[in-house]
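S.K.: Sharing work.cif, mmCIF, C-alpha atoms:
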```
data_protein
loop_
_atom_site.group_PDB
_atom_site.id
_atom_site.type_symbol
_atom_site.label_atom_id
_atom_site.label_comp_id
_atom_site.auth_asym_id
_atom_site.auth_seq_id
_atom_site.Cartn_x
_atom_site.Cartn_y
_atom_site.Cartn_z
ATOM 1 C CA MET A 1 -34.829 68.830 74.949
ATOM 2 C CA SER A 2 -38.092 69.757 76.614
ATOM 3 C CA PHE A 3 -39.923 66.696 75.274
ATOM 4 C CA ILE A 4 -37.759 64.039 76.914
ATOM 5 C CA THR A 5 -39.206 62.162 79.875
ATOM 6 C CA LYS A 6 -38.930 63.394 83.464
ATOM 7 C CA ARG A 7 -37.088 60.177 84.324
ATOM 8 C CA ILE A 8 -34.240 61.108 81.963
ATOM 9 C CA LYS A 9 -34.118 64.663 83.259
ATOM 10 C CA ASP A 10 -33.948 63.398 86.840
ATOM 11 C CA TYR A 11 -30.855 61.261 86.284
ATOM 12 C CA THR A 12 -28.941 63.812 84.205
ATOM 13 C CA GLY A 13 -25.380 64.088 85.513
ATOM 14 C CA LYS A 14 -25.434 60.783 87.382
ATOM 15 C CA LYS A 15 -22.984 57.969 86.675
ATOM 16 C CA ALA A 16 -23.481 54.364 85.554
ATOM 17 C CA LEU A 17 -21.139 51.421 84.968
ATOM 18 C CA VAL A 18 -22.664 48.799 82.655
ATOM 19 C CA ASP A 19 -20.663 45.833 81.301
ATOM 20 C CA GLY A 20 -17.529 47.699 82.307
ATOM 21 C CA ILE A 21 -18.456 50.778 80.253
ATOM 22 C CA PRO A 22 -18.597 54.021 82.284
ATOM 23 C CA PHE A 23 -21.435 56.404 81.421
ATOM 24 C CA THR A 24 -22.298 59.929 82.448
ATOM 25 C CA LEU A 25 -26.045 60.108 81.959
ATOM 26 C CA PRO A 26 -27.894 60.663 79.800
ATOM 27 C CA VAL A 27 -26.268 58.738 76.940
ATOM 28 C CA GLU A 28 -26.081 61.428 74.308
ATOM 29 C CA ALA A 29 -24.296 62.618 71.194
ATOM 30 C CA ILE A 30 -23.727 66.190 70.063
ATOM 31 C CA HIS A 31 -22.037 68.084 67.220
ATOM 32 C CA SER A 32 -22.287 65.067 64.921
ATOM 33 C CA PRO A 33 -23.268 65.255 61.221
ATOM 34 C CA ALA A 34 -25.590 62.680 59.696
ATOM 35 C CA LEU A 35 -27.098 61.709 56.372
ATOM 36 C CA MET A 36 -30.225 59.716 55.593
ATOM 37 C CA ALA A 37 -31.552 58.318 52.331
ATOM 38 C CA ILE A 38 -34.964 56.656 51.967
ATOM 39 C CA PHE A 39 -35.654 54.309 49.064
ATOM 40 C CA PRO A 40 -38.966 52.647 48.072
ATOM 41 C CA CYS A 41 -38.607 48.899 47.705
ATOM 42 C CA ASP A 42 -40.644 45.751 47.149
ATOM 43 C CA PHE A 43 -43.189 45.273 49.934
ATOM 44 C CA GLN A 44 -43.453 41.472 49.768
ATOM 45 C CA GLN A 45 -39.685 41.021 49.759
ATOM 46 C CA ALA A 46 -39.328 43.443 52.687
ATOM 47 C CA GLN A 47 -41.638 41.254 54.773
ATOM 48 C CA ARG A 48 -39.141 38.384 54.447
ATOM 49 C CA PHE A 49 -36.502 40.401 56.319
ATOM 50 C CA LEU A 50 -38.733 41.008 59.334
ATOM 51 C CA PRO A 51 -39.481 38.802 62.361
ATOM 52 C CA GLN A 52 -42.941 38.002 63.705
ATOM 53 C CA GLY A 53 -44.687 41.075 65.080
ATOM 54 C CA ILE A 54 -42.804 43.502 62.835
ATOM 55 C CA HIS A 55 -44.440 44.685 59.608
ATOM 56 C CA PRO A 56 -43.157 46.908 56.793
ATOM 57 C CA LEU A 57 -44.496 50.430 56.860
ATOM 58 C CA ARG A 58 -46.532 50.605 53.660
ATOM 59 C CA LEU A 59 -46.216 53.729 51.528
ATOM 60 C CA TRP A 60 -48.780 53.178 48.823
ATOM 61 C CA LYS A 61 -47.639 49.769 47.488
ATOM 62 C CA LYS A 62 -44.026 50.002 48.595
ATOM 63 C CA ALA A 63 -41.919 49.407 51.688
ATOM 64 C CA LEU A 64 -39.104 51.802 52.620
ATOM 65 C CA LEU A 65 -35.410 51.055 52.978
ATOM 66 C CA VAL A 66 -33.763 53.616 55.278
ATOM 67 C CA VAL A 67 -30.002 54.166 55.175
ATOM 68 C CA THR A 68 -28.683 56.422 57.947
ATOM 69 C CA VAL A 69 -25.055 57.220 58.660
ATOM 70 C CA ILE A 70 -23.959 59.283 61.668
ATOM 71 C CA ASP A 71 -20.444 60.588 62.210
ATOM 72 C CA TYR A 72 -20.481 60.552 66.014
ATOM 73 C CA ARG A 73 -17.864 63.102 67.084
ATOM 74 C CA GLU A 74 -18.782 63.732 70.729
ATOM 75 C CA THR A 75 -20.300 60.838 72.692
ATOM 76 C CA THR A 76 -19.917 59.065 76.016
ATOM 77 C CA ILE A 77 -17.814 56.344 74.348
ATOM 78 C CA GLY A 78 -15.705 58.432 72.003
ATOM 79 C CA LYS A 79 -15.758 59.008 68.254
ATOM 80 C CA TYR A 80 -17.145 56.502 65.761
ATOM 81 C CA VAL A 81 -19.183 56.217 62.572
ATOM 82 C CA GLU A 82 -22.450 54.256 62.673
ATOM 83 C CA TYR A 83 -23.946 52.984 59.402
ATOM 84 C CA SER A 84 -27.554 51.818 59.731
ATOM 85 C CA ILE A 85 -29.422 49.833 57.070
ATOM 86 C CA ALA A 86 -33.048 49.349 58.080
ATOM 87 C CA LEU A 87 -36.652 48.955 56.972
ATOM 88 C CA ALA A 88 -39.319 51.385 58.152
ATOM 89 C CA CYS A 89 -41.779 49.324 60.185
ATOM 90 C CA THR A 90 -44.619 49.054 62.662
ATOM 91 C CA TYR A 91 -45.039 46.694 65.610
ATOM 92 C CA GLY A 92 -48.227 44.791 66.436
ATOM 93 C CA GLU A 93 -50.336 41.730 65.855
ATOM 94 C CA LYS A 94 -51.458 42.899 62.413
ATOM 95 C CA PRO A 95 -49.980 45.089 59.666
ATOM 96 C CA ALA A 96 -50.926 48.745 59.965
ATOM 97 C CA PRO A 97 -52.904 50.698 57.347
ATOM 98 C CA ARG A 98 -50.860 52.456 54.716
ATOM 99 C CA LEU A 99 -49.583 56.001 55.460
ATOM 100 C CA LEU A 100 -51.197 56.327 58.913
ATOM 101 C CA PRO A 101 -48.171 54.986 60.878
ATOM 102 C CA ALA A 102 -46.141 57.959 59.626
ATOM 103 C CA LEU A 103 -48.772 60.338 61.008
ATOM 104 C CA LEU A 104 -49.553 58.414 64.223
ATOM 105 C CA PRO A 105 -46.264 56.752 65.242
ATOM 106 C CA SER A 106 -47.205 56.203 68.892
ATOM 107 C CA VAL A 107 -50.419 54.410 67.922
ATOM 108 C CA TYR A 108 -48.766 52.003 65.490
ATOM 109 C CA LYS A 109 -45.401 51.829 67.317
ATOM 110 C CA THR A 110 -43.681 53.069 64.184
ATOM 111 C CA GLY A 111 -39.926 52.771 63.881
ATOM 112 C CA GLN A 112 -37.279 50.996 61.873
ATOM 113 C CA TYR A 113 -36.079 47.407 61.972
ATOM 114 C CA VAL A 114 -32.297 47.395 61.727
ATOM 115 C CA ILE A 115 -30.911 44.812 59.291
ATOM 116 C CA ASP A 116 -27.239 45.699 59.666
ATOM 117 C CA LEU A 117 -25.368 48.186 61.867
ATOM 118 C CA PRO A 118 -21.601 48.384 61.355
ATOM 119 C CA VAL A 119 -19.653 50.814 63.552
ATOM 120 C CA SER A 120 -16.055 51.986 63.725
ATOM 121 C CA SER A 121 -15.030 51.004 67.265
ATOM 122 C CA GLU A 122 -15.160 47.891 69.441
ATOM 123 C CA ILE A 123 -16.515 49.750 72.464
ATOM 124 C CA SER A 124 -19.493 50.820 70.369
ATOM 125 C CA VAL A 125 -20.154 47.166 69.499
ATOM 126 C CA LYS A 126 -19.899 46.141 73.164
ATOM 127 C CA GLY A 127 -22.305 48.821 74.359
ATOM 128 C CA GLY A 128 -24.758 48.907 71.481
ATOM 129 C CA LYS A 129 -25.162 45.144 71.160
ATOM 130 C CA GLY A 130 -24.695 44.071 74.772
ATOM 131 C CA ILE A 131 -26.959 46.725 76.321
ATOM 132 C CA TRP A 132 -29.483 47.698 73.654
ATOM 133 C CA GLY A 133 -29.409 44.571 71.482
ATOM 134 C CA MET A 134 -28.383 46.441 68.347
ATOM 135 C CA PRO A 135 -26.758 44.272 65.629
ATOM 136 C CA LYS A 136 -23.460 46.139 65.762
ATOM 137 C CA HIS A 137 -20.152 44.815 64.471
ATOM 138 C CA GLN A 138 -16.889 46.520 63.637
ATOM 139 C CA ALA A 139 -16.175 47.456 60.035
ATOM 140 C CA SER A 140 -14.173 49.879 57.907
ATOM 141 C CA LEU A 141 -16.275 53.029 57.569
ATOM 142 C CA ASP A 142 -15.910 56.658 56.579
ATOM 143 C CA PHE A 143 -18.064 59.784 56.420
ATOM 144 C CA LYS A 144 -17.218 62.460 53.880
ATOM 145 C CA VAL A 145 -18.780 65.849 53.191
ATOM 146 C CA THR A 146 -17.879 68.071 50.227
ATOM 147 C CA GLU A 147 -19.437 71.263 48.920
ATOM 148 C CA ASP A 148 -22.250 69.430 47.185
ATOM 149 C CA LYS A 149 -22.574 65.914 48.658
ATOM 150 C CA ALA A 150 -22.250 63.675 51.712
ATOM 151 C CA SER A 151 -21.225 60.040 51.439
ATOM 152 C CA SER A 152 -20.206 56.982 53.426
ATOM 153 C CA GLN A 153 -18.511 53.727 52.456
ATOM 154 C CA TYR A 154 -18.787 50.392 54.311
ATOM 155 C CA ASP A 155 -16.112 47.733 53.704
ATOM 156 C CA LEU A 156 -15.458 44.317 55.247
ATOM 157 C CA ASP A 157 -12.499 42.035 54.544
ATOM 158 C CA GLY A 158 -11.218 44.518 51.976
ATOM 159 C CA LYS A 159 -14.437 44.290 49.924
ATOM 160 C CA LEU A 160 -17.227 46.800 49.402
ATOM 161 C CA VAL A 161 -20.428 45.992 51.304
ATOM 162 C CA THR A 162 -22.381 49.183 50.552
ATOM 163 C CA TYR A 163 -21.890 52.823 49.602
ATOM 164 C CA VAL A 164 -24.385 55.654 50.069
ATOM 165 C CA GLU A 165 -24.242 59.177 48.702
ATOM 166 C CA ILE A 166 -26.657 62.131 48.785
ATOM 167 C CA ALA A 167 -26.674 65.558 47.208
ATOM 168 C CA LEU A 168 -26.650 68.205 49.920
ATOM 169 C CA PRO A 169 -29.796 70.338 50.268
ATOM 170 C CA LYS A 170 -29.467 74.065 49.657
ATOM 171 C CA LYS A 171 -30.806 74.992 53.099
ATOM 172 C CA VAL A 172 -30.839 73.412 56.541
ATOM 173 C CA TRP A 173 -33.884 74.814 58.285
ATOM 174 C CA PHE A 174 -36.489 72.168 59.116
ATOM 175 C CA PRO A 175 -36.837 71.399 62.870
ATOM 176 C CA VAL A 176 -36.675 67.689 63.710
ATOM 177 C CA LYS A 177 -37.912 67.127 67.256
ATOM 178 C CA VAL A 178 -38.969 63.510 67.588
ATOM 179 C CA LYS A 179 -38.663 60.241 69.455
ATOM 180 C CA ALA A 180 -37.519 57.504 67.078
ATOM 181 C CA SER A 181 -37.664 53.752 67.774
ATOM 182 C CA ASN A 182 -35.177 51.095 66.690
ATOM 183 C CA TYR A 183 -36.183 47.412 66.565
ATOM 184 C CA CYS A 184 -33.450 44.762 66.491
ATOM 185 C CA SER A 185 -33.067 40.992 66.918
ATOM 186 C CA PHE A 186 -30.541 39.641 69.420
ATOM 187 C CA ARG A 187 -30.346 36.598 71.743
ATOM 188 C CA GLY A 188 -33.553 35.210 70.227
ATOM 189 C CA MET A 189 -35.458 38.315 71.309
ATOM 190 C CA LEU A 190 -36.916 41.374 69.644
ATOM 191 C CA MET A 191 -35.430 44.505 71.223
ATOM 192 C CA ARG A 192 -36.775 48.059 71.042
ATOM 193 C CA SER A 193 -34.918 51.191 72.081
ATOM 194 C CA ASP A 194 -35.708 54.872 71.621
ATOM 195 C CA ILE A 195 -33.666 57.934 70.792
ATOM 196 C CA PHE A 196 -34.789 61.526 71.286
ATOM 197 C CA LEU A 197 -33.674 63.909 68.530
ATOM 198 C CA ASN A 198 -33.707 67.700 68.488
ATOM 199 C CA ASN A 199 -32.057 69.048 65.354
ATOM 200 C CA LYS A 200 -32.374 71.065 62.203
ATOM 201 C CA ALA A 201 -32.287 69.261 58.882
ATOM 202 C CA GLY A 202 -32.190 70.002 55.213
ATOM 203 C CA PHE A 203 -33.844 67.692 52.732
ATOM 204 C CA ASN A 204 -34.603 67.001 49.090
ATOM 205 C CA LEU A 205 -37.722 65.083 48.098
ATOM 206 C CA PHE A 206 -38.786 62.907 45.164
ATOM 207 C CA SER A 207 -37.231 64.094 41.885
ATOM 208 C CA LYS A 208 -34.897 66.469 43.750
ATOM 209 C CA ALA A 209 -33.662 63.700 46.056
ATOM 210 C CA LYS A 210 -30.413 62.921 44.309
ATOM 211 C CA ALA A 211 -28.873 59.906 46.002
ATOM 212 C CA ARG A 212 -27.505 56.478 45.292
ATOM 213 C CA PHE A 213 -27.045 53.294 47.255
ATOM 214 C CA VAL A 214 -24.572 50.733 45.934
ATOM 215 C CA ILE A 215 -24.461 47.114 47.096
ATOM 216 C CA GLY A 216 -20.927 45.828 46.608
ATOM 217 C CA ASP A 217 -19.509 42.365 46.016
ATOM 218 C CA HIS A 218 -19.087 41.344 49.676
ATOM 219 C CA PRO A 219 -21.529 38.482 50.427
ATOM 220 C CA ARG A 220 -22.877 39.978 53.670
ATOM 221 C CA LEU A 221 -25.760 41.991 52.178
ATOM 222 C CA GLN A 222 -26.330 40.422 48.773
ATOM 223 C CA ALA A 223 -29.880 39.553 49.901
ATOM 224 C CA LEU A 224 -30.748 43.266 49.752
ATOM 225 C CA LYS A 225 -30.736 43.013 45.970
ATOM 226 C CA LYS A 226 -34.002 41.071 46.229
ATOM 227 C CA LEU A 227 -35.691 44.221 47.564
ATOM 228 C CA ASP A 228 -35.760 45.812 44.093
ATOM 229 C CA ILE A 229 -34.562 49.110 45.544
ATOM 230 C CA GLN A 230 -35.833 52.100 43.548
ATOM 231 C CA ASP A 231 -34.787 55.740 43.178
ATOM 232 C CA CYS A 232 -34.415 57.729 46.373
ATOM 233 C CA MET A 233 -37.579 59.510 47.544
ATOM 234 C CA ALA A 234 -36.024 61.540 50.382
ATOM 235 C CA ALA A 235 -32.460 62.614 51.113
ATOM 236 C CA VAL A 236 -31.815 64.279 54.461
ATOM 237 C CA TYR A 237 -28.735 65.990 55.867
ATOM 238 C CA LEU A 238 -28.275 67.020 59.494
ATOM 239 C CA PRO A 239 -25.047 68.996 60.014
ATOM 240 C CA SER A 240 -25.070 68.687 63.811
ATOM 241 C CA ILE A 241 -27.342 66.264 65.602
ATOM 242 C CA HIS A 242 -28.214 66.238 69.278
ATOM 243 C CA GLY A 243 -29.522 62.823 70.298
ATOM 244 C CA ILE A 244 -30.288 61.238 73.663
ATOM 245 C CA LEU A 245 -30.516 57.433 73.787
ATOM 246 C CA ASP A 246 -33.069 56.230 76.321
ATOM 247 C CA ASP A 247 -31.820 53.762 78.919
ATOM 248 C CA HIS A 248 -35.260 52.098 78.984
ATOM 249 C CA ILE A 249 -35.299 48.999 76.746
ATOM 250 C CA GLU A 250 -38.174 46.676 75.835
ATOM 251 C CA SER A 251 -37.797 43.100 74.662
ATOM 252 C CA TRP A 252 -40.014 40.198 73.610
ATOM 253 C CA PHE A 253 -39.270 36.570 72.774
ATOM 254 C CA LEU A 254 -39.106 35.964 69.044
ATOM 255 C CA THR A 255 -41.559 33.145 68.351
ATOM 256 C CA HIS A 256 -41.584 30.564 65.561
ATOM 257 C CA GLU A 257 -43.796 27.673 64.458
ATOM 258 C CA ALA A 258 -40.861 25.342 65.163
ATOM 259 C CA LEU A 259 -37.610 25.756 67.042
ATOM 260 C CA PRO A 260 -34.930 27.473 64.911
ATOM 261 C CA GLU A 261 -32.292 25.089 63.641
ATOM 262 C CA VAL A 262 -29.565 27.670 64.219
ATOM 263 C CA THR A 263 -29.011 29.193 67.666
ATOM 264 C CA PRO A 264 -29.319 33.002 67.464
ATOM 265 C CA GLU A 265 -26.268 35.093 68.217
ATOM 266 C CA GLY A 266 -26.025 35.658 71.964
ATOM 267 C CA LEU A 267 -23.998 37.284 74.713
ATOM 268 C CA GLU A 268 -20.956 35.197 73.804
ATOM 269 C CA SER A 269 -20.480 37.657 70.933
ATOM 270 C CA VAL A 270 -19.932 40.617 73.272
ATOM 271 C CA VAL A 271 -18.725 39.326 76.642
ATOM 272 C CA ASP A 272 -15.021 39.344 75.716
ATOM 273 C CA LEU A 273 -15.026 42.597 73.741
ATOM 274 C CA SER A 274 -12.760 45.388 74.958
ATOM 275 C CA LEU A 275 -13.362 49.096 75.506
ATOM 276 C CA SER A 276 -11.116 49.996 72.582
ATOM 277 C CA GLU A 277 -11.952 53.148 70.624
ATOM 278 C CA GLN A 278 -9.506 52.173 67.852
ATOM 279 C CA TRP A 279 -10.870 52.201 64.293
ATOM 280 C CA LEU A 280 -10.088 49.765 61.519
ATOM 281 C CA ALA A 281 -8.302 51.070 58.454
ATOM 282 C CA ALA A 282 -10.367 53.370 56.245
ATOM 283 C CA PRO A 283 -12.395 51.677 53.485
ATOM 284 C CA ASN A 284 -10.619 51.570 50.153
ATOM 285 C CA ALA A 285 -12.556 49.113 47.988
ATOM 286 C CA GLU A 286 -13.459 50.441 44.572
ATOM 287 C CA VAL A 287 -16.984 51.866 44.270
ATOM 288 C CA PRO A 288 -18.621 51.280 40.861
ATOM 289 C CA ASN A 289 -19.444 54.382 38.852
ATOM 290 C CA GLU A 290 -23.066 55.346 38.302
#
```
Would you encode the structure as structure tokens?
M.R.:
Amino acid sequence: MSFITKRIKDYTGKKALVDGIPFTLPVEAIHSPALMAIFPCDFQQAQRFLPQGIHPLRLWKKALLVVTVIDYRETTIGKYVEYSIALACTYGEKPAPRLLPALLPSVYKTGQYVIDLPVSSEISVKGGKGIWGMPKHQASLDFKVTEDKASSQYDLDGKLVTYVEIALPKKVWFPVKVKASNYCSFRGMLMRSDIFLNNKAGFNLFSKAKARFVIGDHPRLQALKKLDIQDCMAAVYLPSIHGILDDHIESWFLTHEALPEVTPEGLESVVDLSLSEQWLAAPNAEVPNE
């Protein structure tokens, strides 16, 4: 990846031991398929999911819900599925103009604010949450690819949380060479981390973007129903990603007009986690028909 920073190139091949997790740098993933589905949703409701300083990316009059699932097959910490549910966003004192953040991401600090991030293994929770502040937790996940579609199911406690499915594009040809930013809340702070991607993707847009996102009966994400999620506007499939996660992390205090009544989740949620790569049982809750 010629566009990654010199700092990352300089430490390639070196070793690190963080929170008991051994790393060979850089932290990267290869040969891993991924799907993404982007849905317009209610802008005002989207704002209610975001902390101070984070604003929904406005596409015309809508915000964007981004569902991304990666079947990590070769990583520093083993195999696992990661299921991201996020809102496209910008960072700054004021909301950004519509459309421009997509064209000028470095100017408007464009990225996505992660609402929920279940993963398959406990070691992924320990590293992702403890080091990068990502809201990871272990859940029952899968990633399936057939001749005409890719899908992923997310269960907790034997109940369906969400299900996403996209129709596969006819061709995979478009180069995706980009630095993407993730914003997350952890320990009462806003955390930002970056990943460098260099892949080829196939996609379907607007009326050709055949996809669905189902919110199940588990209580965890019932609030998403308030977003008034509309038909998919972009469905993307990447058969083999190559991603490098930057070790540089930024964080800011999350501020409020008054002290929160509930203490935010902190390091107590990760300090006793193990390095287990064991997955939970595969999801088996019933998914409603279309």
S.K.: Where does the PyMOL selection byres ((chain A and resi 233) around 6) land in this file, that is, which residues does it pick, as a list in words?
M.R.: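 Listing what the PyMOL selection byres ((chain A and resi 233) around 6) selects in the shown file: Ile38, Phe39, Leu205, Phe206, Ala209, Cys232 and Ala234 of chain A.
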S.K.: Of the candidates A:Asp71, A:Asp42, A:Glu268, A:Glu250, which shows the shortest atom-to-atom distance to A:Leu238, using all atoms listed in the file?
M.R.: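 Ranked by minimum distance to A:Leu238, first place goes to A:Asp71.
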S.K.: Suppose you want the space between atom CA of A:Leu160 and atom CA of A:Val287; what is it in Å?
M.R.: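 Interatomic distance here is 7.2 Å.
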S.K.: Tell me, as a PDB file with C-alpha atoms, in the frame of the given file, which residues lie within 9 Å of A:Val178, counting only C-alpha atoms; anything in the same chain fewer than 5 positions away does not count.
M.R.:
```
ATOM      1  CA  PHE A   3     -39.923  66.696  75.274  1.00  0.00           C
ATOM      2  CA  ILE A 195     -33.666  57.934  70.792  1.00  0.00           C
ATOM      3  CA  PHE A 196     -34.789  61.526  71.286  1.00  0.00           C
ATOM      4  CA  LEU A 197     -33.674  63.909  68.530  1.00  0.00           C
ATOM      5  CA  ASN A 198     -33.707  67.700  68.488  1.00  0.00           C
TER       6      ASN A 198
END
```
S.K.: Between A:Leu221, A:Leu141, A:Met189, A:Ala201, which residue has the minimum interatomic distance to A:Ile115, considering only C-alpha atoms?
M.R.: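 Of all the options, A:Leu221 lies closest to A:Ile115.
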S.K.: Using only C-alpha atoms, pick whichever of A:Arg212, A:Lys126, A:His242, A:Arg58 has the shortest atom-to-atom distance to A:Ser32.
M.R.: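 Answer, going by the shortest atom-to-atom distance: A:His242.
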